[in-house]
>>> print(open('run.cif').read())   # mmCIF, C-alpha atoms and all ligand atoms
data_run
#
loop_
_atom_site.group_PDB
_atom_site.id
_atom_site.type_symbol
_atom_site.label_atom_id
_atom_site.label_comp_id
_atom_site.auth_asym_id
_atom_site.auth_seq_id
_atom_site.Cartn_x
_atom_site.Cartn_y
_atom_site.Cartn_z
ATOM 1 C CA MET Y 1 119.657 104.893 99.294
ATOM 2 C CA PRO Y 2 121.815 107.611 100.942
ATOM 3 C CA SER Y 3 121.819 107.343 104.723
ATOM 4 C CA VAL Y 4 122.092 111.067 105.565
ATOM 5 C CA PHE Y 5 120.003 113.987 104.333
ATOM 6 C CA VAL Y 6 121.121 117.533 105.188
ATOM 7 C CA GLN Y 7 118.605 120.324 104.565
ATOM 8 C CA GLY Y 8 116.539 117.766 102.673
ATOM 9 C CA ARG Y 9 119.351 116.793 100.296
ATOM 10 C CA PRO Y 10 121.318 113.535 100.311
ATOM 11 C CA VAL Y 11 125.016 113.731 101.237
ATOM 12 C CA ASP Y 12 127.771 111.113 100.956
ATOM 13 C CA ALA Y 13 129.361 111.667 104.335
ATOM 14 C CA TYR Y 14 128.573 113.667 107.426
ATOM 15 C CA PRO Y 15 130.200 114.095 110.864
ATOM 16 C CA ARG Y 16 128.662 112.677 114.059
ATOM 17 C CA LEU Y 17 127.614 116.189 115.117
ATOM 18 C CA ALA Y 18 126.470 118.929 112.746
ATOM 19 C CA PRO Y 19 129.386 121.367 112.181
ATOM 20 C CA GLU Y 20 127.214 124.235 113.502
ATOM 21 C CA ALA Y 21 127.558 122.775 117.010
ATOM 22 C CA ARG Y 22 131.294 123.531 117.031
ATOM 23 C CA ASN Y 23 130.612 127.283 117.041
ATOM 24 C CA GLY Y 24 127.677 127.119 119.429
ATOM 25 C CA LYS Y 25 127.225 127.901 123.106
ATOM 26 C CA VAL Y 26 125.017 125.806 125.363
ATOM 27 C CA ARG Y 27 121.828 127.645 126.327
ATOM 28 C CA ARG Y 28 119.374 126.887 129.122
ATOM 29 C CA ILE Y 29 116.397 124.828 127.950
ATOM 30 C CA THR Y 30 113.013 126.248 128.944
ATOM 31 C CA GLU Y 31 110.463 124.057 130.716
ATOM 32 C CA VAL Y 32 106.730 123.492 130.494
ATOM 33 C CA GLY Y 33 105.025 126.352 132.323
ATOM 34 C CA GLU Y 34 107.360 129.077 131.031
ATOM 35 C CA GLU Y 35 105.368 131.579 128.987
ATOM 36 C CA VAL Y 36 107.648 131.501 125.936
ATOM 37 C CA LEU Y 37 106.646 127.858 125.305
ATOM 38 C CA HIS Y 38 102.922 128.544 125.447
ATOM 39 C CA LYS Y 39 102.351 131.318 122.914
ATOM 40 C CA PRO Y 40 102.907 131.442 119.145
ATOM 41 C CA CYS Y 41 106.377 132.616 118.162
ATOM 42 C CA ARG Y 42 107.152 135.548 115.851
ATOM 43 C CA ASP Y 43 108.296 135.158 112.256
ATOM 44 C CA VAL Y 44 112.018 135.632 111.655
ATOM 45 C CA THR Y 45 112.507 138.794 109.565
ATOM 46 C CA GLU Y 46 116.291 139.250 109.833
ATOM 47 C CA PHE Y 47 118.506 136.716 108.128
ATOM 48 C CA GLY Y 48 122.032 137.461 109.266
ATOM 49 C CA PRO Y 49 124.826 136.594 111.684
ATOM 50 C CA ASP Y 50 122.588 136.732 114.792
ATOM 51 C CA LEU Y 51 120.271 134.116 113.300
ATOM 52 C CA ALA Y 52 123.230 131.932 112.279
ATOM 53 C CA ALA Y 53 124.672 132.172 115.816
ATOM 54 C CA LEU Y 54 121.311 131.220 117.317
ATOM 55 C CA ILE Y 55 121.186 128.140 115.062
ATOM 56 C CA ASP Y 56 124.725 127.173 116.163
ATOM 57 C CA ASP Y 57 123.701 127.457 119.825
ATOM 58 C CA MET Y 58 120.523 125.456 119.216
ATOM 59 C CA PHE Y 59 122.443 122.586 117.599
ATOM 60 C CA LEU Y 60 124.904 122.342 120.483
ATOM 61 C CA THR Y 61 122.140 122.656 123.087
ATOM 62 C CA MET Y 62 120.140 119.911 121.352
ATOM 63 C CA TYR Y 63 123.153 117.551 121.320
ATOM 64 C CA ILE Y 64 123.999 118.235 124.972
ATOM 65 C CA ALA Y 65 120.426 117.282 125.871
ATOM 66 C CA ASP Y 66 120.474 114.152 123.619
ATOM 67 C CA GLY Y 67 117.542 115.568 121.654
ATOM 68 C CA ALA Y 68 116.325 114.856 118.121
ATOM 69 C CA GLY Y 69 114.938 118.370 117.589
ATOM 70 C CA LEU Y 70 114.867 121.762 119.291
ATOM 71 C CA ALA Y 71 112.782 124.865 118.667
ATOM 72 C CA ALA Y 72 113.980 128.417 119.412
ATOM 73 C CA ASN Y 73 111.448 128.983 122.199
ATOM 74 C CA GLN Y 74 113.031 126.022 123.967
ATOM 75 C CA VAL Y 75 116.079 128.238 124.469
ATOM 76 C CA GLY Y 76 113.892 131.211 125.400
ATOM 77 C CA VAL Y 77 113.789 132.921 121.974
ATOM 78 C CA ASP Y 78 110.248 133.527 120.669
ATOM 79 C CA LEU Y 79 111.118 133.138 116.985
ATOM 80 C CA ARG Y 80 109.770 130.558 114.546
ATOM 81 C CA LEU Y 81 112.600 128.160 113.790
ATOM 82 C CA PHE Y 82 113.876 124.761 114.777
ATOM 83 C CA VAL Y 83 116.873 122.470 114.314
ATOM 84 C CA TYR Y 84 116.835 118.672 114.060
ATOM 85 C CA ASP Y 85 119.112 115.634 113.858
ATOM 86 C CA CYS Y 86 116.691 112.776 113.710
ATOM 87 C CA PRO Y 87 116.441 109.263 112.269
ATOM 88 C CA ASP Y 88 113.396 108.019 110.401
ATOM 89 C CA ASP Y 89 112.017 104.488 110.612
ATOM 90 C CA ASP Y 90 114.212 103.361 107.678
ATOM 91 C CA GLY Y 91 117.445 104.251 109.494
ATOM 92 C CA VAL Y 92 118.011 107.395 107.434
ATOM 93 C CA ARG Y 93 119.431 110.365 109.388
ATOM 94 C CA HIS Y 94 117.986 113.836 108.755
ATOM 95 C CA VAL Y 95 119.904 116.944 109.850
ATOM 96 C CA GLY Y 96 119.091 120.596 109.381
ATOM 97 C CA HIS Y 97 117.359 123.777 110.449
ATOM 98 C CA ILE Y 98 114.229 125.477 109.173
ATOM 99 C CA VAL Y 99 113.123 129.079 109.636
ATOM 100 C CA ASN Y 100 109.456 130.185 109.628
ATOM 101 C CA PRO Y 101 108.271 126.595 109.189
ATOM 102 C CA VAL Y 102 104.764 125.864 107.945
ATOM 103 C CA LEU Y 103 103.481 122.312 108.309
ATOM 104 C CA GLU Y 104 101.538 121.376 105.209
ATOM 105 C CA PRO Y 105 98.036 120.086 105.998
ATOM 106 C CA LEU Y 106 97.550 116.514 104.777
ATOM 107 C CA GLU Y 107 94.308 115.361 103.218
ATOM 108 C CA THR Y 108 92.486 113.230 105.746
ATOM 109 C CA ALA Y 109 92.072 110.485 103.138
ATOM 110 C CA HIS Y 110 95.859 110.115 102.776
ATOM 111 C CA ARG Y 111 96.596 110.393 106.459
ATOM 112 C CA ARG Y 112 97.642 107.481 108.605
ATOM 113 C CA LEU Y 113 98.086 108.132 112.317
ATOM 114 C CA LEU Y 114 100.805 106.390 114.302
ATOM 115 C CA ASP Y 115 100.345 106.251 118.062
ATOM 116 C CA GLU Y 116 103.925 106.079 119.306
ATOM 117 C CA ALA Y 117 106.119 107.357 122.136
ATOM 118 C CA GLU Y 118 107.123 110.981 122.163
ATOM 119 C CA GLY Y 119 109.156 113.104 124.548
ATOM 120 C CA CYS Y 120 110.274 116.719 124.747
ATOM 121 C CA LEU Y 121 113.411 118.373 126.097
ATOM 122 C CA SER Y 122 111.116 120.918 127.783
ATOM 123 C CA VAL Y 123 109.269 118.126 129.627
ATOM 124 C CA PRO Y 124 112.436 116.390 130.862
ATOM 125 C CA GLY Y 125 112.091 112.702 131.672
ATOM 126 C CA ALA Y 126 108.526 112.152 130.430
ATOM 127 C CA THR Y 127 107.348 110.171 127.410
ATOM 128 C CA ARG Y 128 103.826 109.466 126.258
ATOM 129 C CA ASP Y 129 102.184 107.929 123.203
ATOM 130 C CA VAL Y 130 100.889 110.669 120.907
ATOM 131 C CA PRO Y 131 98.993 110.111 117.625
ATOM 132 C CA ARG Y 132 100.762 111.793 114.685
ATOM 133 C CA PRO Y 133 100.543 111.382 110.905
ATOM 134 C CA ASP Y 134 103.166 108.996 109.452
ATOM 135 C CA ARG Y 135 104.225 111.644 106.935
ATOM 136 C CA ALA Y 136 104.972 115.374 107.248
ATOM 137 C CA VAL Y 137 105.959 118.134 104.832
ATOM 138 C CA VAL Y 138 107.322 121.415 106.196
ATOM 139 C CA ARG Y 139 107.980 124.489 104.076
ATOM 140 C CA GLY Y 140 110.203 127.338 105.229
ATOM 141 C CA PHE Y 141 113.580 128.971 104.698
ATOM 142 C CA ASP Y 142 117.208 128.354 105.536
ATOM 143 C CA ARG Y 143 119.396 130.803 107.463
ATOM 144 C CA ASP Y 144 120.186 132.660 104.233
ATOM 145 C CA GLY Y 145 116.513 133.112 103.397
ATOM 146 C CA GLU Y 146 116.481 130.482 100.654
ATOM 147 C CA PRO Y 147 113.275 128.418 100.498
ATOM 148 C CA VAL Y 148 113.448 124.815 101.733
ATOM 149 C CA VAL Y 149 110.977 121.958 101.795
ATOM 150 C CA ILE Y 150 111.582 119.121 104.241
ATOM 151 C CA GLU Y 151 109.661 115.896 103.986
ATOM 152 C CA GLY Y 152 109.706 113.131 106.563
ATOM 153 C CA THR Y 153 108.160 109.781 107.400
ATOM 154 C CA GLY Y 154 107.876 107.724 110.579
ATOM 155 C CA TYR Y 155 109.751 109.080 113.593
ATOM 156 C CA PHE Y 156 111.133 112.009 111.578
ATOM 157 C CA ALA Y 157 107.587 113.018 110.542
ATOM 158 C CA ARG Y 158 106.726 112.990 114.260
ATOM 159 C CA CYS Y 159 109.742 115.218 114.966
ATOM 160 C CA LEU Y 160 108.752 117.719 112.253
ATOM 161 C CA ALA Y 161 105.169 117.922 113.545
ATOM 162 C CA HIS Y 162 106.368 118.226 117.163
ATOM 163 C CA GLU Y 163 108.789 121.067 116.364
ATOM 164 C CA ALA Y 164 106.240 122.871 114.162
ATOM 165 C CA ASP Y 165 103.864 122.671 117.147
ATOM 166 C CA HIS Y 166 106.484 124.377 119.345
ATOM 167 C CA CYS Y 167 106.568 127.330 116.934
ATOM 168 C CA GLU Y 168 102.784 127.679 117.450
ATOM 169 C CA GLY Y 169 103.251 127.641 121.222
ATOM 170 C CA ARG Y 170 101.981 124.091 121.590
ATOM 171 C CA LEU Y 171 103.549 121.192 123.500
ATOM 172 C CA TYR Y 172 102.790 117.520 122.926
ATOM 173 C CA LEU Y 173 101.175 117.597 126.387
ATOM 174 C CA ASP Y 174 98.471 119.816 124.869
ATOM 175 C CA ARG Y 175 97.517 116.905 122.585
ATOM 176 C CA LEU Y 176 96.944 114.537 125.511
ATOM 177 C CA ALA Y 177 93.841 113.836 127.572
ATOM 178 C CA GLN Y 178 93.872 115.564 130.964
ATOM 179 C CA ARG Y 179 94.770 112.390 132.839
ATOM 180 C CA GLU Y 180 97.613 111.468 130.443
ATOM 181 C CA ARG Y 181 98.957 114.985 130.797
ATOM 182 C CA LYS Y 182 98.976 114.670 134.590
ATOM 183 C CA ASP Y 183 100.787 111.331 134.331
ATOM 184 C CA ALA Y 184 103.424 112.902 132.074
ATOM 185 C CA LEU Y 185 103.996 115.766 134.531
ATOM 186 C CA ARG Y 186 104.292 113.278 137.400
ATOM 187 C CA GLN Y 187 106.843 111.303 135.380
ATOM 188 C CA MET Y 188 108.767 114.522 134.763
ATOM 189 C CA ALA Y 189 108.793 115.338 138.487
ATOM 190 C CA ASP Y 190 110.248 111.865 139.177
ATOM 191 C CA ARG Y 191 112.951 111.874 136.512
ATOM 192 C CA ARG Y 192 113.827 115.527 136.056
ATOM 193 C CA ASP Y 193 116.942 115.529 138.308
ATOM 194 C CA GLU Y 194 118.323 112.485 136.517
ATOM 195 C CA VAL Y 195 117.910 114.193 133.133
ATOM 196 C CA TYR Y 196 119.606 117.380 134.332
ATOM 197 C CA ALA Y 197 122.507 115.369 135.774
ATOM 198 C CA ARG Y 198 122.989 113.691 132.383
ATOM 199 C CA ARG Y 199 123.000 117.046 130.585
ATOM 200 C CA ALA Y 200 125.570 118.405 133.067
ATOM 201 C CA ALA Y 201 127.747 115.336 132.464
ATOM 202 C CA ASN Y 202 127.501 115.858 128.696
ATOM 203 C CA ILE Y 203 128.642 119.489 129.078
ATOM 204 C CA GLU Y 204 131.512 118.300 131.268
ATOM 205 C CA ALA Y 205 132.550 115.706 128.673
ATOM 206 C CA LEU Y 206 132.433 118.355 125.967
ATOM 207 C CA SER Y 207 134.750 120.776 127.769
ATOM 208 C CA GLY Y 208 137.063 118.066 129.143
HETATM 209 ZN ZN ZN Y 301 109.656 119.482 122.288
#
>>> encode(input="run.cif", output="structure tokens")
Amino acid sequence: MPSVFVQGRPVDAYPRLAPEARNGKVRRITEVGEEVLHKPCRDVTEFGPDLAALIDDMFLTMYIADGAGLAANQVGVDLRLFVYDCPDDDGVRHVGHIVNPVLEPLETAHRRLLDEAEGCLSVPGATRDVPRPDRAVVRGFDRDGEPVVIEGTGYFARCLAHEADHCEGRLYLDRLAQRERKDALRQMADRRDEVYARRAANIEALSG
């Protein structure tokens, strides 16, 4: 079985970082509480160089923050798209971007929920167990407006569902009980500085 899928298709070889990141600029990552993260994003209607540049920036920003996925509102842009570079539970790496993503509803009968750890670059330093289906299918478009369908299992299914949530203005914290949510925010308060120091060091390493 191929070990890397790019835009849902198997490839023979792939660099450590998606090539998009080479052209990107690092953007500031928004944090829980900022309005842009808490309202549904707008559909992308213009497929052109601005969109491609945004995707480049999102890839680099995701790598700098050691993330597995990043939605546009996490860099302050209220458009429906996300990028990802994420392993599944079989050790397969999935890399790509998806514009105007729609998470396909799964029939309850075929749905198995996994209650596993999840974090978010916009809730720096916190992780909590969140129940998510073990399989996800997302339909959308690539940067050229061509339709794409991305399917994932295990941790990658979790990533797809998490990023699709972002596009709807929802954080994983919104899926937690009040007390769990408070614990996550307390954890963030404790570890936030550490996370930001690591991101700064990654930017340093990149430019040095
Ligand atoms: Zn997130």
>>> closest_residue(input="run.cif", among="Y:Pro133, Y:Gly140, Y:Gly169, Y:Pro10", to="ligand ZN 301 (chain Y)", atoms="all atoms listed in the file")
Y:Gly169
>>> residues_near_ligand(input="run.cif", ligand="ligand ZN 301 (chain Y)", cutoff="12 Å", atoms="only C-alpha atoms and all ligand atoms", output="ChimeraX atom specification")
/Y:29-32,37-38,62,65,67-75,82-84,118-127,158-174
>>> write_last_selection(input="run.cif", atoms="C-alpha atoms", output="PDB file, in the frame of the given file")
ATOM      1  CA  ILE Y  29     116.397 124.828 127.950  1.00  0.00           C
ATOM      2  CA  THR Y  30     113.013 126.248 128.944  1.00  0.00           C
ATOM      3  CA  GLU Y  31     110.463 124.057 130.716  1.00  0.00           C
ATOM      4  CA  VAL Y  32     106.730 123.492 130.494  1.00  0.00           C
ATOM      5  CA  LEU Y  37     106.646 127.858 125.305  1.00  0.00           C
ATOM      6  CA  HIS Y  38     102.922 128.544 125.447  1.00  0.00           C
ATOM      7  CA  MET Y  62     120.140 119.911 121.352  1.00  0.00           C
ATOM      8  CA  ALA Y  65     120.426 117.282 125.871  1.00  0.00           C
ATOM      9  CA  GLY Y  67     117.542 115.568 121.654  1.00  0.00           C
ATOM     10  CA  ALA Y  68     116.325 114.856 118.121  1.00  0.00           C
ATOM     11  CA  GLY Y  69     114.938 118.370 117.589  1.00  0.00           C
ATOM     12  CA  LEU Y  70     114.867 121.762 119.291  1.00  0.00           C
ATOM     13  CA  ALA Y  71     112.782 124.865 118.667  1.00  0.00           C
ATOM     14  CA  ALA Y  72     113.980 128.417 119.412  1.00  0.00           C
ATOM     15  CA  ASN Y  73     111.448 128.983 122.199  1.00  0.00           C
ATOM     16  CA  GLN Y  74     113.031 126.022 123.967  1.00  0.00           C
ATOM     17  CA  VAL Y  75     116.079 128.238 124.469  1.00  0.00           C
ATOM     18  CA  PHE Y  82     113.876 124.761 114.777  1.00  0.00           C
ATOM     19  CA  VAL Y  83     116.873 122.470 114.314  1.00  0.00           C
ATOM     20  CA  TYR Y  84     116.835 118.672 114.060  1.00  0.00           C
ATOM     21  CA  GLU Y 118     107.123 110.981 122.163  1.00  0.00           C
ATOM     22  CA  GLY Y 119     109.156 113.104 124.548  1.00  0.00           C
ATOM     23  CA  CYS Y 120     110.274 116.719 124.747  1.00  0.00           C
ATOM     24  CA  LEU Y 121     113.411 118.373 126.097  1.00  0.00           C
ATOM     25  CA  SER Y 122     111.116 120.918 127.783  1.00  0.00           C
ATOM     26  CA  VAL Y 123     109.269 118.126 129.627  1.00  0.00           C
ATOM     27  CA  PRO Y 124     112.436 116.390 130.862  1.00  0.00           C
ATOM     28  CA  GLY Y 125     112.091 112.702 131.672  1.00  0.00           C
ATOM     29  CA  ALA Y 126     108.526 112.152 130.430  1.00  0.00           C
ATOM     30  CA  THR Y 127     107.348 110.171 127.410  1.00  0.00           C
ATOM     31  CA  ARG Y 158     106.726 112.990 114.260  1.00  0.00           C
ATOM     32  CA  CYS Y 159     109.742 115.218 114.966  1.00  0.00           C
ATOM     33  CA  LEU Y 160     108.752 117.719 112.253  1.00  0.00           C
ATOM     34  CA  ALA Y 161     105.169 117.922 113.545  1.00  0.00           C
ATOM     35  CA  HIS Y 162     106.368 118.226 117.163  1.00  0.00           C
ATOM     36  CA  GLU Y 163     108.789 121.067 116.364  1.00  0.00           C
ATOM     37  CA  ALA Y 164     106.240 122.871 114.162  1.00  0.00           C
ATOM     38  CA  ASP Y 165     103.864 122.671 117.147  1.00  0.00           C
ATOM     39  CA  HIS Y 166     106.484 124.377 119.345  1.00  0.00           C
ATOM     40  CA  CYS Y 167     106.568 127.330 116.934  1.00  0.00           C
ATOM     41  CA  GLU Y 168     102.784 127.679 117.450  1.00  0.00           C
ATOM     42  CA  GLY Y 169     103.251 127.641 121.222  1.00  0.00           C
ATOM     43  CA  ARG Y 170     101.981 124.091 121.590  1.00  0.00           C
ATOM     44  CA  LEU Y 171     103.549 121.192 123.500  1.00  0.00           C
ATOM     45  CA  TYR Y 172     102.790 117.520 122.926  1.00  0.00           C
ATOM     46  CA  LEU Y 173     101.175 117.597 126.387  1.00  0.00           C
ATOM     47  CA  ASP Y 174      98.471 119.816 124.869  1.00  0.00           C
TER      48      ASP Y 174
END
>>> closest_residue(input="run.cif", among="Y:Asn23, Y:Asp183, Y:Arg28, Y:Ala157", to="Ile64 of chain Y", atoms="all atoms listed in the file")
Y:Arg28
>>> closest_residue(input="run.cif", among="Y:Asp66, Y:Asp90, Y:Asp85, Y:Asp129", to="Glu20 of chain Y", atoms="all atoms listed in the file")
Y:Asp85
>>> residues_around(input="run.cif", residues="Arg111 of chain Y", least_positions_apart="3", cutoff="8 Å", atoms="all atoms listed in the file", output="count of residues only")
6
>>> atom_distance(input="run.cif", atom1="atom CA of Leu79 of chain Y", atom2="atom CA of Pro40 of chain Y")
8.7 Å
>>> closest_residue(input="run.cif", among="Y:Phe156, Y:Tyr196, Y:Phe141, Y:Phe47", to="Gln7 of chain Y", atoms="all atoms listed in the file")
Y:Phe141
>>> residues_near_point(input="run.cif", point="(119.9, 120.5, 106.8)", cutoff="8 Å", atoms="only C-alpha atoms", output="list in words")
Phe5, Val6, Gln7, Gly8, Arg9, His94, Val95, Gly96, His97 and Ile98 of chain Y
>>> atom_distance(input="run.cif", atom1="atom CA of Asn202 of chain Y", atom2="atom CA of Asp57 of chain Y")
15.1 Å
>>> atom_distance(input="run.cif", atom1="atom CA of Lys25 of chain Y", atom2="atom CA of Tyr63 of chain Y")
11.3 Å
>>> decode(input="run.cif", residues="segment 131-141 of chain Y", atoms="all heavy atoms", output="compact mmCIF listing (two decimals), in the first residue's frame")
# COMPACT_ATOMS: atom_id res chain seq x y z
N PRO Y 131 -15.09 12.45 21.26
CA PRO Y 131 -15.61 11.36 20.43
C PRO Y 131 -15.80 11.82 18.98
O PRO Y 131 -16.38 12.88 18.74
CB PRO Y 131 -16.97 11.04 21.09
CG PRO Y 131 -17.32 12.21 21.92
CD PRO Y 131 -16.08 13.01 22.17
N ARG Y 132 -15.26 11.04 18.06
CA ARG Y 132 -15.40 11.33 16.62
C ARG Y 132 -15.60 10.01 15.88
O ARG Y 132 -15.04 8.98 16.30
CB ARG Y 132 -14.12 11.97 16.05
CG ARG Y 132 -13.68 13.28 16.64
CD ARG Y 132 -14.31 14.44 15.93
NE ARG Y 132 -13.67 15.69 16.33
CZ ARG Y 132 -14.18 16.88 16.04
NH1 ARG Y 132 -15.29 17.00 15.32
NH2 ARG Y 132 -13.57 17.97 16.44
N PRO Y 133 -16.31 10.04 14.76
CA PRO Y 133 -16.43 8.82 13.95
C PRO Y 133 -15.06 8.34 13.45
O PRO Y 133 -14.17 9.17 13.23
CB PRO Y 133 -17.30 9.26 12.76
CG PRO Y 133 -18.01 10.49 13.24
CD PRO Y 133 -17.09 11.15 14.23
N ASP Y 134 -14.90 7.03 13.26
CA ASP Y 134 -13.60 6.48 12.84
C ASP Y 134 -13.38 6.60 11.33
O ASP Y 134 -12.38 6.16 10.80
CB ASP Y 134 -13.47 5.02 13.30
CG ASP Y 134 -14.50 4.11 12.65
OD1 ASP Y 134 -15.43 4.62 11.97
OD2 ASP Y 134 -14.39 2.87 12.82
N ARG Y 135 -14.38 7.21 10.65
CA ARG Y 135 -14.26 7.36 9.20
C ARG Y 135 -14.88 8.70 8.83
O ARG Y 135 -15.89 9.11 9.43
CB ARG Y 135 -15.02 6.22 8.53
CG ARG Y 135 -14.94 6.21 7.03
CD ARG Y 135 -15.55 4.93 6.45
NE ARG Y 135 -15.75 5.15 5.03
CZ ARG Y 135 -16.87 5.65 4.50
NH1 ARG Y 135 -17.91 5.91 5.27
NH2 ARG Y 135 -16.96 5.86 3.22
N ALA Y 136 -14.28 9.39 7.84
CA ALA Y 136 -14.84 10.67 7.39
C ALA Y 136 -14.66 10.81 5.89
O ALA Y 136 -13.65 10.36 5.32
CB ALA Y 136 -14.17 11.84 8.10
N VAL Y 137 -15.66 11.38 5.23
CA VAL Y 137 -15.58 11.68 3.80
C VAL Y 137 -15.90 13.17 3.64
O VAL Y 137 -16.93 13.64 4.13
CB VAL Y 137 -16.58 10.83 2.99
CG1 VAL Y 137 -16.48 11.19 1.51
CG2 VAL Y 137 -16.33 9.35 3.21
N VAL Y 138 -14.99 13.89 2.98
CA VAL Y 138 -15.18 15.32 2.77
C VAL Y 138 -15.16 15.60 1.27
O VAL Y 138 -14.26 15.15 0.55
CB VAL Y 138 -14.06 16.14 3.46
CG1 VAL Y 138 -14.23 17.63 3.19
CG2 VAL Y 138 -14.06 15.89 4.96
N ARG Y 139 -16.19 16.30 0.81
CA ARG Y 139 -16.24 16.71 -0.60
C ARG Y 139 -15.97 18.19 -0.70
O ARG Y 139 -16.43 18.96 0.14
CB ARG Y 139 -17.63 16.43 -1.18
CG ARG Y 139 -17.87 14.98 -1.40
CD ARG Y 139 -19.30 14.66 -1.77
NE ARG Y 139 -19.49 13.22 -1.60
CZ ARG Y 139 -19.08 12.32 -2.49
NH1 ARG Y 139 -18.53 12.69 -3.63
NH2 ARG Y 139 -19.24 11.04 -2.24
N GLY Y 140 -15.25 18.59 -1.75
CA GLY Y 140 -14.97 20.01 -1.95
C GLY Y 140 -14.24 20.22 -3.27
O GLY Y 140 -14.48 19.46 -4.23
N PHE Y 141 -13.36 21.20 -3.29
CA PHE Y 141 -12.66 21.56 -4.52
C PHE Y 141 -11.19 21.81 -4.22
O PHE Y 141 -10.84 22.09 -3.08
CB PHE Y 141 -13.29 22.83 -5.11
CG PHE Y 141 -14.75 22.65 -5.42
CD1 PHE Y 141 -15.70 22.89 -4.43
CD2 PHE Y 141 -15.16 22.19 -6.66
CE1 PHE Y 141 -17.06 22.69 -4.69
CE2 PHE Y 141 -16.52 21.98 -6.92
CZ PHE Y 141 -17.47 22.24 -5.94
